[in-house]
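Engineer: You'll find model-v3.pdb just under this line, and it carries PDB, C-alpha atoms.
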```pdb
MODEL        1
ATOM      1  CA  MET Z 177     -22.603 -20.537  -4.714
ATOM      2  CA  ALA Z 178     -20.700 -23.599  -3.488
ATOM      3  CA  ASP Z 179     -18.008 -23.288  -0.817
ATOM      4  CA  GLY Z 180     -15.365 -24.164  -3.403
ATOM      5  CA  ASP Z 181     -16.361 -21.140  -5.461
ATOM      6  CA  GLY Z 182     -15.877 -18.833  -2.468
ATOM      7  CA  ALA Z 183     -12.387 -20.183  -1.816
ATOM      8  CA  SER Z 184     -11.537 -19.840  -5.488
ATOM      9  CA  ASN Z 185     -12.766 -16.226  -5.533
ATOM     10  CA  ARG Z 186     -10.701 -15.424  -2.429
ATOM     11  CA  ARG Z 187      -7.567 -16.921  -4.022
ATOM     12  CA  ARG Z 188      -8.177 -14.951  -7.219
ATOM     13  CA  ALA Z 189      -8.676 -11.707  -5.248
ATOM     14  CA  LEU Z 190      -5.518 -12.382  -3.237
ATOM     15  CA  ARG Z 191      -3.536 -13.010  -6.434
ATOM     16  CA  ARG Z 192      -4.910  -9.829  -8.016
ATOM     17  CA  GLY Z 193      -4.030  -7.887  -4.856
ATOM     18  CA  HIS Z 194      -0.463  -9.182  -4.815
ATOM     19  CA  LEU Z 195      -0.019  -8.462  -8.520
ATOM     20  CA  SER Z 196      -1.339  -4.937  -7.953
ATOM     21  CA  GLU Z 197       1.153  -4.422  -5.113
ATOM     22  CA  TYR Z 198       4.049  -5.561  -7.339
ATOM     23  CA  LEU Z 199       2.899  -3.243 -10.147
ATOM     24  CA  ALA Z 200       2.620  -0.349  -7.689
ATOM     25  CA  ALA Z 201       6.081  -1.092  -6.262
ATOM     26  CA  ALA Z 202       7.632  -1.205  -9.734
ATOM     27  CA  TYR Z 203       5.913   2.074 -10.626
ATOM     28  CA  LEU Z 204       7.218   3.732  -7.458
ATOM     29  CA  MET Z 205      10.741   2.489  -8.217
ATOM     30  CA  LEU Z 206      10.513   4.104 -11.646
ATOM     31  CA  LYS Z 207       9.646   7.335  -9.823
ATOM     32  CA  GLY Z 208      12.836   7.080  -7.746
ATOM     33  CA  TYR Z 209      11.546   5.430  -4.562
ATOM     34  CA  ARG Z 210      13.372   2.574  -2.871
ATOM     35  CA  ILE Z 211      11.030  -0.186  -1.710
ATOM     36  CA  VAL Z 212      12.010  -1.297   1.781
ATOM     37  CA  ALA Z 213       9.035  -3.541   2.606
ATOM     38  CA  LEU Z 214       6.094  -5.237   0.900
ATOM     39  CA  ARG Z 215       3.111  -6.303   3.018
ATOM     40  CA  TYR Z 216       4.700  -5.138   6.274
ATOM     41  CA  ARG Z 217       2.630  -6.747   9.034
ATOM     42  CA  THR Z 218       2.323  -5.819  12.687
ATOM     43  CA  ARG Z 219      -0.185  -6.742  15.361
ATOM     44  CA  LEU Z 220      -1.848  -3.366  14.764
ATOM     45  CA  GLY Z 221      -2.166  -3.514  10.980
ATOM     46  CA  GLU Z 222      -0.515  -4.034   7.620
ATOM     47  CA  ILE Z 223       1.143  -1.646   5.203
ATOM     48  CA  ASP Z 224       1.108  -2.693   1.542
ATOM     49  CA  ILE Z 225       4.353  -0.889   0.637
ATOM     50  CA  VAL Z 226       6.951   0.967   2.666
ATOM     51  CA  ALA Z 227       9.148   3.082   0.417
ATOM     52  CA  ARG Z 228      11.897   5.612   0.972
ATOM     53  CA  LYS Z 229      13.223   8.559  -0.918
ATOM     54  CA  ARG Z 230      16.145  10.067   0.964
ATOM     55  CA  ASN Z 231      14.776  11.036   4.418
ATOM     56  CA  LEU Z 232      11.148  10.515   3.489
ATOM     57  CA  ALA Z 233       9.367   7.342   4.569
ATOM     58  CA  VAL Z 234       6.276   6.702   2.469
ATOM     59  CA  PHE Z 235       3.558   4.306   3.624
ATOM     60  CA  VAL Z 236       1.496   3.221   0.643
ATOM     61  CA  GLU Z 237      -1.924   1.602   0.462
ATOM     62  CA  VAL Z 238      -2.517  -0.116  -2.890
ATOM     63  CA  LYS Z 239      -6.057  -0.493  -4.190
ATOM     64  CA  ALA Z 240      -7.092  -2.313  -7.369
ATOM     65  CA  ARG Z 241     -10.458  -1.042  -8.542
ATOM     66  CA  ARG Z 242     -12.355  -0.260 -11.753
ATOM     67  CA  ASP Z 243     -11.575   3.467 -11.482
ATOM     68  CA  HIS Z 244      -9.305   5.807  -9.543
ATOM     69  CA  MET Z 245     -11.987   7.415  -7.375
ATOM     70  CA  SER Z 246     -13.354   4.096  -6.111
ATOM     71  CA  ALA Z 247      -9.788   3.076  -5.256
ATOM     72  CA  ILE Z 248      -9.325   6.207  -3.144
ATOM     73  CA  ASP Z 249     -12.745   5.827  -1.544
ATOM     74  CA  ALA Z 250     -11.905   2.225  -0.620
ATOM     75  CA  VAL Z 251      -9.312   3.380   1.934
ATOM     76  CA  SER Z 252     -11.573   3.815   4.954
ATOM     77  CA  TYR Z 253     -10.860   5.915   8.019
ATOM     78  CA  THR Z 254     -10.398   2.675   9.988
ATOM     79  CA  ALA Z 255      -7.861   1.398   7.435
ATOM     80  CA  GLN Z 256      -6.009   4.722   7.577
ATOM     81  CA  ASN Z 257      -5.729   4.431  11.364
ATOM     82  CA  ARG Z 258      -4.418   0.857  11.115
ATOM     83  CA  ILE Z 259      -1.811   1.916   8.550
ATOM     84  CA  LYS Z 260      -0.730   4.836  10.748
ATOM     85  CA  ALA Z 261      -0.440   2.563  13.797
ATOM     86  CA  ALA Z 262       1.651   0.046  11.817
ATOM     87  CA  SER Z 263       3.816   2.866  10.465
ATOM     88  CA  ASP Z 264       4.580   4.016  14.016
ATOM     89  CA  ILE Z 265       5.967   0.548  14.731
ATOM     90  CA  TRP Z 266       8.014   0.521  11.517
ATOM     91  CA  LEU Z 267       9.399   3.995  12.224
ATOM     92  CA  SER Z 268      10.343   3.087  15.803
ATOM     93  CA  ARG Z 269      12.571   0.290  14.434
ATOM     94  CA  GLN Z 270      14.605   2.585  12.171
ATOM     95  CA  ARG Z 271      18.027   3.783  13.286
ATOM     96  CA  ASP Z 272      17.550   7.114  11.534
ATOM     97  CA  TYR Z 273      14.027   7.599  12.951
ATOM     98  CA  ALA Z 274      14.714  11.166  14.104
ATOM     99  CA  LEU Z 275      15.731  12.208  10.573
ATOM    100  CA  LEU Z 276      12.685  10.794   8.790
ATOM    101  CA  SER Z 277       9.643  12.630   7.534
ATOM    102  CA  GLN Z 278       6.614  10.492   6.813
ATOM    103  CA  ARG Z 279       3.814  10.502   4.287
ATOM    104  CA  TYR Z 280       0.766   8.352   3.545
ATOM    105  CA  ASP Z 281       0.028   7.675  -0.117
ATOM    106  CA  ILE Z 282      -2.416   5.646  -2.189
ATOM    107  CA  VAL Z 283      -1.575   3.916  -5.457
ATOM    108  CA  ALA Z 284      -4.635   3.075  -7.533
ATOM    109  CA  VAL Z 285      -4.305   0.173  -9.956
ATOM    110  CA  VAL Z 286      -6.957   0.267 -12.678
ATOM    111  CA  PRO Z 287      -7.188  -2.383 -15.426
ATOM    112  CA  GLY Z 288      -5.459  -1.421 -18.668
ATOM    113  CA  ARG Z 289      -3.761   1.687 -17.254
ATOM    114  CA  LEU Z 290      -0.557   2.596 -15.502
ATOM    115  CA  PRO Z 291      -0.858   2.769 -11.729
ATOM    116  CA  ARG Z 292      -1.733   6.238 -10.449
ATOM    117  CA  HIS Z 293       0.096   7.630  -7.430
ATOM    118  CA  PHE Z 294      -1.755   9.913  -4.996
ATOM    119  CA  PRO Z 295       0.879  11.397  -2.639
ATOM    120  CA  ASP Z 296      -0.163  12.601   0.813
ATOM    121  CA  ALA Z 297      -3.603  11.007   0.369
ATOM    122  CA  PHE Z 298      -4.381  10.831   4.095
TER     123      PHE Z 298
ENDMDL
END
```
Could the structure of this file be written out as structure tokens, please?
Structural biologist:
Amino acid sequence: MADGDGASNRRRALRRGHLSEYLAAAYLMLKGYRIVALRYRTRLGEIDIVARKRNLAVFVEVKARRDHMSAIDAVSYTAQNRIKAASDIWLSRQRDYALLSQRYDIVAVVPGRLPRHFPDAF
């Protein structure tokens, strides 16, 4: 494989990942969540989607895979810890921090199907 092919594959994967995040965000909005951040980055990690529903802050990892189970399995223990560390930073910057409950969800995006939301996944 030539170096150009690798760069092209990375761009395609990045585009597919971003599209999956937008689909997941739209799906969550249809379910009554308010999206407050996409690709929230900190020095400790990144959160794909930060959503709120009243006093619940939801930190969502989006995975695009061939099936739902491989999407769930793709969120490693290390990734979960990074998301939790980043969420601590996000929470600390909220004025209503003391009122918020938090939850960690996964949204699986599978070709040809609606996204599937797994609340309280980790």
Engineer: So, with only C-alpha atoms as the atoms that count, which of Z:Arg219, Z:His194, Z:Lys260, Z:Arg210 lies closest to Z:Asn231?
Structural biologist: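 Selected residue with least distance to Z:Asn231: Z:Arg210.
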Engineer: Check the smallest atom-to-atom distance from each of Z:Ala262, Z:Ile225, Z:Ala202, Z:Val238 to Z:Ala284 using all atoms listed in the file, then report the winner.
Structural biologist: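 Looking at the shortest contact to Z:Ala284, the residue is Z:Val238.
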Engineer: Could you tell me which residues the PyMOL selection byres ((chain Z and resi 244-251) around 10) grabs in this file, written as JSON, numbers by chain?
Structural biologist: {"Z": [237, 238, 239, 240, 241, 242, 243, 252, 253, 254, 255, 256, 281, 282, 283, 284, 285, 286, 291, 292, 293, 294, 297, 298]}
Engineer: Excluding same-chain residues fewer than 2 positions from Z:Lys229, what lies within 12 Å of it counting all atoms listed in the file, as an mmCIF file with C-alpha atoms, keeping the file's coordinate frame?
Structural biologist:
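Below you can see around.cif, which holds the result:
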```
data_model
loop_
_atom_site.group_PDB
_atom_site.id
_atom_site.type_symbol
_atom_site.label_atom_id
_atom_site.label_comp_id
_atom_site.auth_asym_id
_atom_site.auth_seq_id
_atom_site.Cartn_x
_atom_site.Cartn_y
_atom_site.Cartn_z
ATOM 1 C CA LEU Z 204 7.218 3.732 -7.458
ATOM 2 C CA MET Z 205 10.741 2.489 -8.217
ATOM 3 C CA LEU Z 206 10.513 4.104 -11.646
ATOM 4 C CA LYS Z 207 9.646 7.335 -9.823
ATOM 5 C CA GLY Z 208 12.836 7.080 -7.746
ATOM 6 C CA TYR Z 209 11.546 5.430 -4.562
ATOM 7 C CA ARG Z 210 13.372 2.574 -2.871
ATOM 8 C CA ILE Z 211 11.030 -0.186 -1.710
ATOM 9 C CA VAL Z 212 12.010 -1.297 1.781
ATOM 10 C CA VAL Z 226 6.951 0.967 2.666
ATOM 11 C CA ALA Z 227 9.148 3.082 0.417
ATOM 12 C CA ASN Z 231 14.776 11.036 4.418
ATOM 13 C CA LEU Z 232 11.148 10.515 3.489
ATOM 14 C CA ALA Z 233 9.367 7.342 4.569
ATOM 15 C CA VAL Z 234 6.276 6.702 2.469
ATOM 16 C CA PHE Z 235 3.558 4.306 3.624
ATOM 17 C CA LEU Z 276 12.685 10.794 8.790
ATOM 18 C CA SER Z 277 9.643 12.630 7.534
ATOM 19 C CA GLN Z 278 6.614 10.492 6.813
ATOM 20 C CA ARG Z 279 3.814 10.502 4.287
#
```
Engineer: As an exercise, work out the distance from atom CA of Z:Arg258 to atom CA of Z:Arg191 in Å and give it to one decimal place.
Structural biologist: 22.4 Å
Engineer: Taking only C-alpha atoms into account, name the residue in Z:Gly221, Z:Ala201, Z:Ser184, Z:Gln270 that is nearest to Z:Val236.
Structural biologist: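 Residue with the minimum atom-to-atom distance to Z:Val236: Z:Ala201.
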Engineer: Could you work out how far atom CA of Z:Ser196 lies from atom CA of Z:Leu290, giving the answer in Å with one decimal?
Structural biologist: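 Atom CA of Z:Ser196 lies at a distance of 10.7 Å from atom CA of Z:Leu290.
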Engineer: As an exercise, work out the distance from atom CA of Z:Asp272 to atom CA of Z:Ala200 in Å and give it to one decimal place.
Structural biologist: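 The value is 25.5 Å.
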Engineer: With distances taken over only C-alpha atoms, which residue among Z:Arg215, Z:Arg289, Z:Arg192, Z:Arg228 lies nearest Z:Leu267?
Structural biologist: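 Among the listed residues, Z:Arg228 lies closest to Z:Leu267.
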Engineer: Given all atoms listed in the file as the basis, pick out the residue of Z:Arg217, Z:Asp224, Z:Pro295, Z:Arg188 nearest to Z:Ile265.
Structural biologist: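 Once distances to Z:Ile265 are computed over all atoms listed in the file, the minimum belongs to Z:Arg217.
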